[in-house]
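Enquirer: Okay, here's the structure, questions in a sec.
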Amino acid sequence: MVKSDSKAPRLHAVTRLLDGAPDLIGLADPEQPMLWHRGDRGCVGVGEVLRLSFSGPDRFAAAARSWRGVAEAARIDDPVRLPGTGLVALGTFAFDDASGAESVLVVPRLLVARHRDRWWVTEIRRVDDPAATDAPPPADGTGAAALPAAAPEGSWPGVGFAAEAVDDYLSGVREAVGRIDDGAFEKVVLARRIRGELPAGSDLRVPLRRLAERYLDCWTFAVDGLVGASPETLIRSTGGAVSARVLAGTRGRHPEDEARDARARDELVTSAKEQHEHAFAVQSVVTALAPHVRDLSTSEEPFPLRLPNVWHLATDLGASLDERSSALELVGALHPTAAVAGTPTSAAVAAIAELEPFDRGRYSGAVGWIDAAGDGEWVIALRCAQLGDPQPGSGARAVVASAGGGIVAGSDPEHELGETVSKLRPVTEAFAA
Ligand SMILES: C=C(O[C@H]1C=CC=C(C(=O)O)[C@@H]1O)C(=O)O
C-alpha cells in the first residue's frame, strides 16, 4: 500500500476505444467488484495497481493533494478524451473525521468503461513495475482494443439481515427532537444499522445487477467492499461544468396502489415540515459550493423524485467551475451536507457522535471517481452495505447496511423508523436469496 505522504508513484495509462459493447457488470470480479454504473454510462475496474489510504479530518484534502501528484507524474496516452478516459481512480471516504474506517483511492489495472455509445478500455501499469511494458491493450487490427472475457455468473445464496439496537435508535430520535425544541440545533440526521452474513464464494455481481437494473436513477457502485445504489449526486464536475442533486424529505412508495402512491407524493410536496428539512440541505450545498463556482442555479421548486422504494424531495443544482478545484476538493468542501449531518453542521455532527451508538464508517460519506484532469462524479454513500474481510475458517463476510433520516421539530420516532425500513429496501432486496 502506498501511503498518502510518500512520493507519487509513476503510472502509465493507455486508453483505446473498444469495438464491442461488453457487459460491464459481467466483467467485475465476483468477490471484489469495482464498479460505477448508471444506465448507459459507467465503468468496471479489474485488478489494482495503486491504493492510497487516508483518514482523519484532513482525508479529503490529503487525497486531493496525493491524486494531483499521481496525475502530474503519470504518462497518459488517451486519444479518446471523454469523461473518465485516461487515468482514473475510484474512491470511498468515511463520514466522520474520527472514523476508524479507511478512506481510499484505488487505481485499477484495467478499466473498461462506457459513455453512451462509446466504449473504451484503459490499461494502467506502474512504470517502476519490472513487468510493465509500453504495449497498449491488444488491438483487433482496426486500432480498437480487444475485449477481456467475463467469467460466468456464479451462485448467490442470499443474505438475511437482523436489525441492531432499534430501541437506541427510537430513543435517539426522541432525544434529538427534545434538543431541537430546546434550540440546540435545527436538524440532525440519525441512522441505524442492520447486519447479515455473506457465505464464502458468493458472486456479488448478482446484487449489483439487481441494483443497476432496478435503480435506474441511481449510481450503482462497488468500491473496496462498499456496495449500493445512491440517488444523491454530491458533485459531478466535468470540463468546467458542475452539477449536484440534493435530496431530503421522504415518503415510502406504494406502487401496488396508484391512488395511495400519488397521495404519498402529494403529501411530501405539500408538507411544510419536509420542505423545511429539504431547505436546510439545499442551503448547505449552496453555501459550500458558492466560493468555488459562478452562475449557480437551482431548479425552481423542489420536485418529487420517484425511486422504486421511496419518493424524495429533490433539487438539482448547476454551475460553472470558477477555479481549478478538482472534484475531490469540491467533495471536501461539501461534506457533510445537511442531508446526512444536519444544521448547523458542527452541532449536528457532535449530536450524531453522541446519539448514534456506532461508527458510520463509509455510510453517508462519499463514493465516486476522479480522473487525471480532476474531473469526476461523487455521490453520497447512501442505500449501501459495507462488506467485511473474509473470516478465518468459514470465509464468510459481515454485511452491514445503514439508513437514516432528517430529524426536525415535530419528527415522530415510529414514522422515522418506517422511513429507514424503506431506505434499506434497495440493499435488503438486492442481497435477498
Ligand atoms: C440519510 C439518508 O437519506 C438522506 C437522503 C435523502 C432523504 C433523507 C431524508 O428524507 O431524511 C436523508 O436526508 C439515508 O438514506 O440513509
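Ordering of the C-alpha cells sets the chain letters (A, B, ...), residue numbers begin anew at 1 in every chain, and ligands are numbered from 1 in the order given.
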Name the residues of region 177-401 of chain A that fall into strand (DSSP E) according to DSSP on the backbone, using the chain letters and numbers of this document, as a PyMOL selection string.

Expert: chain A and resi 187-198+219-223+226-230+233-238+241-252+293-298+303-306+310-321+342-343+366-371+376-380+384-387+397-401

Enquirer: Name all residues at most 12 Å from region 413-420 of chain A (count only C-alpha atoms; drop same-chain ones fewer than 5 positions away) and give them as a VMD selection string.

Expert: chain A and resid 163 165 to 178 189 to 194 248 to 253 309 to 312 382 to 383 401 to 408 425 to 428

Enquirer: May I have the residues within 12 Å of Val227 (chain A) as number ranges by chain, using only C-alpha atoms and disregarding those fewer than 4 positions away in the same chain?

Expert: A: 31-37, 92, 204-212, 219-223, 362-363, 367-368, 381-388, 399-402, 426-428, 430-431

Enquirer: Would you write out those residues with N, CA and C atoms, as a compact mmCIF listing (two decimals), in the first residue's frame?

Expert:
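Output saved as selection_12.txt:
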# COMPACT_ATOMS: atom_id res chain seq x y z
N GLU A 31 -15.93 -11.41 -6.28
CA GLU A 31 -15.82 -11.24 -4.82
C GLU A 31 -15.28 -9.88 -4.41
N GLN A 32 -14.56 -9.20 -5.31
CA GLN A 32 -14.03 -7.85 -5.01
C GLN A 32 -14.41 -6.92 -6.16
N PRO A 33 -15.70 -6.73 -6.43
CA PRO A 33 -16.07 -5.92 -7.60
C PRO A 33 -15.70 -4.46 -7.43
N MET A 34 -15.34 -3.82 -8.56
CA MET A 34 -15.07 -2.38 -8.57
C MET A 34 -15.92 -1.83 -9.72
N LEU A 35 -16.99 -1.10 -9.36
CA LEU A 35 -17.99 -0.75 -10.38
C LEU A 35 -18.56 0.62 -10.11
N TRP A 36 -18.88 1.32 -11.21
CA TRP A 36 -19.58 2.61 -11.16
C TRP A 36 -20.51 2.58 -12.35
N HIS A 37 -21.84 2.62 -12.13
CA HIS A 37 -22.73 2.29 -13.24
C HIS A 37 -24.07 3.00 -13.11
N THR A 92 -13.65 5.81 -1.95
CA THR A 92 -14.71 5.83 -0.95
C THR A 92 -14.14 6.48 0.32
N LEU A 204 -20.91 -11.37 -6.03
CA LEU A 204 -21.52 -10.05 -5.76
C LEU A 204 -22.05 -9.37 -7.02
N ARG A 205 -21.77 -9.94 -8.19
CA ARG A 205 -22.35 -9.34 -9.39
C ARG A 205 -23.87 -9.53 -9.41
N VAL A 206 -24.37 -10.51 -8.64
CA VAL A 206 -25.84 -10.74 -8.60
C VAL A 206 -26.55 -9.55 -7.97
N PRO A 207 -26.22 -9.13 -6.72
CA PRO A 207 -26.89 -7.95 -6.18
C PRO A 207 -26.59 -6.67 -6.95
N LEU A 208 -25.37 -6.57 -7.52
CA LEU A 208 -25.04 -5.36 -8.29
C LEU A 208 -25.93 -5.25 -9.53
N ARG A 209 -26.17 -6.38 -10.19
CA ARG A 209 -27.02 -6.35 -11.38
C ARG A 209 -28.46 -6.00 -10.99
N ARG A 210 -28.91 -6.53 -9.87
CA ARG A 210 -30.28 -6.20 -9.41
C ARG A 210 -30.39 -4.69 -9.15
N LEU A 211 -29.40 -4.13 -8.47
CA LEU A 211 -29.44 -2.69 -8.16
C LEU A 211 -29.42 -1.88 -9.46
N ALA A 212 -28.53 -2.24 -10.36
CA ALA A 212 -28.38 -1.46 -11.61
C ALA A 212 -29.64 -1.55 -12.46
N TRP A 219 -26.80 5.87 -8.98
CA TRP A 219 -25.49 5.32 -9.35
C TRP A 219 -25.29 4.04 -8.55
N THR A 220 -25.13 2.93 -9.26
CA THR A 220 -24.81 1.66 -8.60
C THR A 220 -23.28 1.58 -8.49
N PHE A 221 -22.80 1.26 -7.29
CA PHE A 221 -21.34 1.29 -7.10
C PHE A 221 -20.86 0.11 -6.27
N ALA A 222 -19.60 -0.22 -6.47
CA ALA A 222 -18.89 -1.19 -5.62
C ALA A 222 -17.45 -0.72 -5.56
N VAL A 223 -17.03 -0.24 -4.40
CA VAL A 223 -15.66 0.24 -4.24
C VAL A 223 -15.14 -0.25 -2.89
N ARG A 362 -18.11 4.24 6.16
CA ARG A 362 -18.23 4.99 4.90
C ARG A 362 -19.68 5.35 4.58
N TYR A 363 -20.64 4.75 5.27
CA TYR A 363 -22.05 5.12 5.04
C TYR A 363 -22.20 6.64 5.24
N VAL A 367 -18.61 8.45 -2.34
CA VAL A 367 -18.06 7.38 -3.18
C VAL A 367 -18.13 7.85 -4.63
N GLY A 368 -17.07 7.58 -5.40
CA GLY A 368 -17.08 8.04 -6.79
C GLY A 368 -15.74 7.84 -7.47
N ALA A 381 -22.75 8.26 -0.08
CA ALA A 381 -22.84 6.80 0.06
C ALA A 381 -24.07 6.43 0.88
N LEU A 382 -25.22 6.40 0.19
CA LEU A 382 -26.50 6.02 0.80
C LEU A 382 -26.96 4.72 0.16
N ARG A 383 -27.93 4.07 0.80
CA ARG A 383 -28.56 2.84 0.27
C ARG A 383 -27.46 1.83 -0.09
N CYS A 384 -26.58 1.58 0.88
CA CYS A 384 -25.42 0.74 0.60
C CYS A 384 -25.07 -0.15 1.80
N ALA A 385 -24.22 -1.11 1.54
CA ALA A 385 -23.75 -2.01 2.60
C ALA A 385 -22.24 -2.13 2.50
N GLN A 386 -21.60 -2.26 3.65
CA GLN A 386 -20.15 -2.47 3.69
C GLN A 386 -19.87 -3.95 3.99
N LEU A 387 -19.08 -4.57 3.12
CA LEU A 387 -18.69 -5.96 3.35
C LEU A 387 -17.39 -6.01 4.11
N GLY A 388 -17.31 -6.90 5.09
CA GLY A 388 -16.08 -7.07 5.86
C GLY A 388 -15.13 -8.02 5.14
N VAL A 399 -21.92 -8.24 6.54
CA VAL A 399 -22.53 -7.24 5.65
C VAL A 399 -23.30 -6.28 6.55
N VAL A 400 -22.90 -5.01 6.56
CA VAL A 400 -23.55 -4.03 7.44
C VAL A 400 -24.13 -2.91 6.59
N ALA A 401 -25.43 -2.69 6.73
CA ALA A 401 -26.10 -1.62 5.98
C ALA A 401 -26.69 -0.62 6.96
N SER A 402 -26.69 0.66 6.59
CA SER A 402 -27.21 1.71 7.45
C SER A 402 -28.18 2.58 6.66
N PRO A 426 -33.43 -1.09 -0.96
CA PRO A 426 -32.52 -1.43 -2.07
C PRO A 426 -31.52 -2.50 -1.66
N VAL A 427 -30.96 -2.38 -0.47
CA VAL A 427 -29.95 -3.35 -0.03
C VAL A 427 -30.60 -4.68 0.36
N THR A 428 -31.67 -4.63 1.18
CA THR A 428 -32.24 -5.91 1.65
C THR A 428 -32.77 -6.72 0.47
N ALA A 430 -31.76 -6.41 -2.83
CA ALA A 430 -30.68 -6.82 -3.73
C ALA A 430 -29.89 -7.99 -3.15
N PHE A 431 -29.77 -8.03 -1.81
CA PHE A 431 -28.97 -9.10 -1.18
C PHE A 431 -29.83 -10.32 -0.82

Enquirer: So that I can see what lies close to Ala347 (chain A), please list as number ranges by chain the residues with an atom at most 10 Å from it, counting only C-alpha atoms and leaving out residues fewer than 5 positions away in the same chain.

Expert: A: 184-188, 341-342, 352

Enquirer: Those selected residues, please, written with N, CA and C atoms and delivered as a CSV table (one decimal), in the first residue's frame.

Expert:
chain,number,residue,atom,x,y,z
A,184,ALA,N,-31.0,23.5,20.6
A,184,ALA,CA,-29.5,23.1,20.5
A,184,ALA,C,-29.1,23.1,19.0
A,185,PHE,N,-30.0,22.7,18.1
A,185,PHE,CA,-29.7,22.7,16.7
A,185,PHE,C,-31.1,22.6,16.0
A,186,GLU,N,-31.1,22.8,14.6
A,186,GLU,CA,-32.4,22.8,13.9
A,186,GLU,C,-32.7,21.4,13.3
A,187,LYS,N,-31.7,20.7,12.8
A,187,LYS,CA,-31.9,19.4,12.2
A,187,LYS,C,-30.7,18.5,12.4
A,188,VAL,N,-31.0,17.2,12.7
A,188,VAL,CA,-29.9,16.3,12.8
A,188,VAL,C,-30.4,15.0,12.0
A,341,ALA,N,-26.0,15.1,7.8
A,341,ALA,CA,-25.5,15.6,9.1
A,341,ALA,C,-26.6,16.4,9.8
A,342,GLY,N,-26.9,17.6,9.3
A,342,GLY,CA,-27.9,18.4,9.9
A,342,GLY,C,-27.5,19.9,9.9
A,352,ILE,N,-24.7,13.5,16.4
A,352,ILE,CA,-24.6,12.2,15.8
A,352,ILE,C,-23.6,11.3,16.6

Enquirer: Residues within 8 Å of Leu17 (chain A), please, as a list in words. Count only C-alpha atoms; anything in the same chain fewer than 2 positions from it doesn't count.

Expert: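 My reading of the contact set: Thr15, Asp19, Val80, Arg118, Trp119, Trp120, Val121, Gly143, Ala144 and Ala145 of chain A.
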
Enquirer: Would you please work out which residue, of A:Phe303, A:Phe280, A:Trp369, A:Phe93, is nearest to ligand 1 when using only C-alpha atoms and all ligand atoms?

Expert: A:Phe280
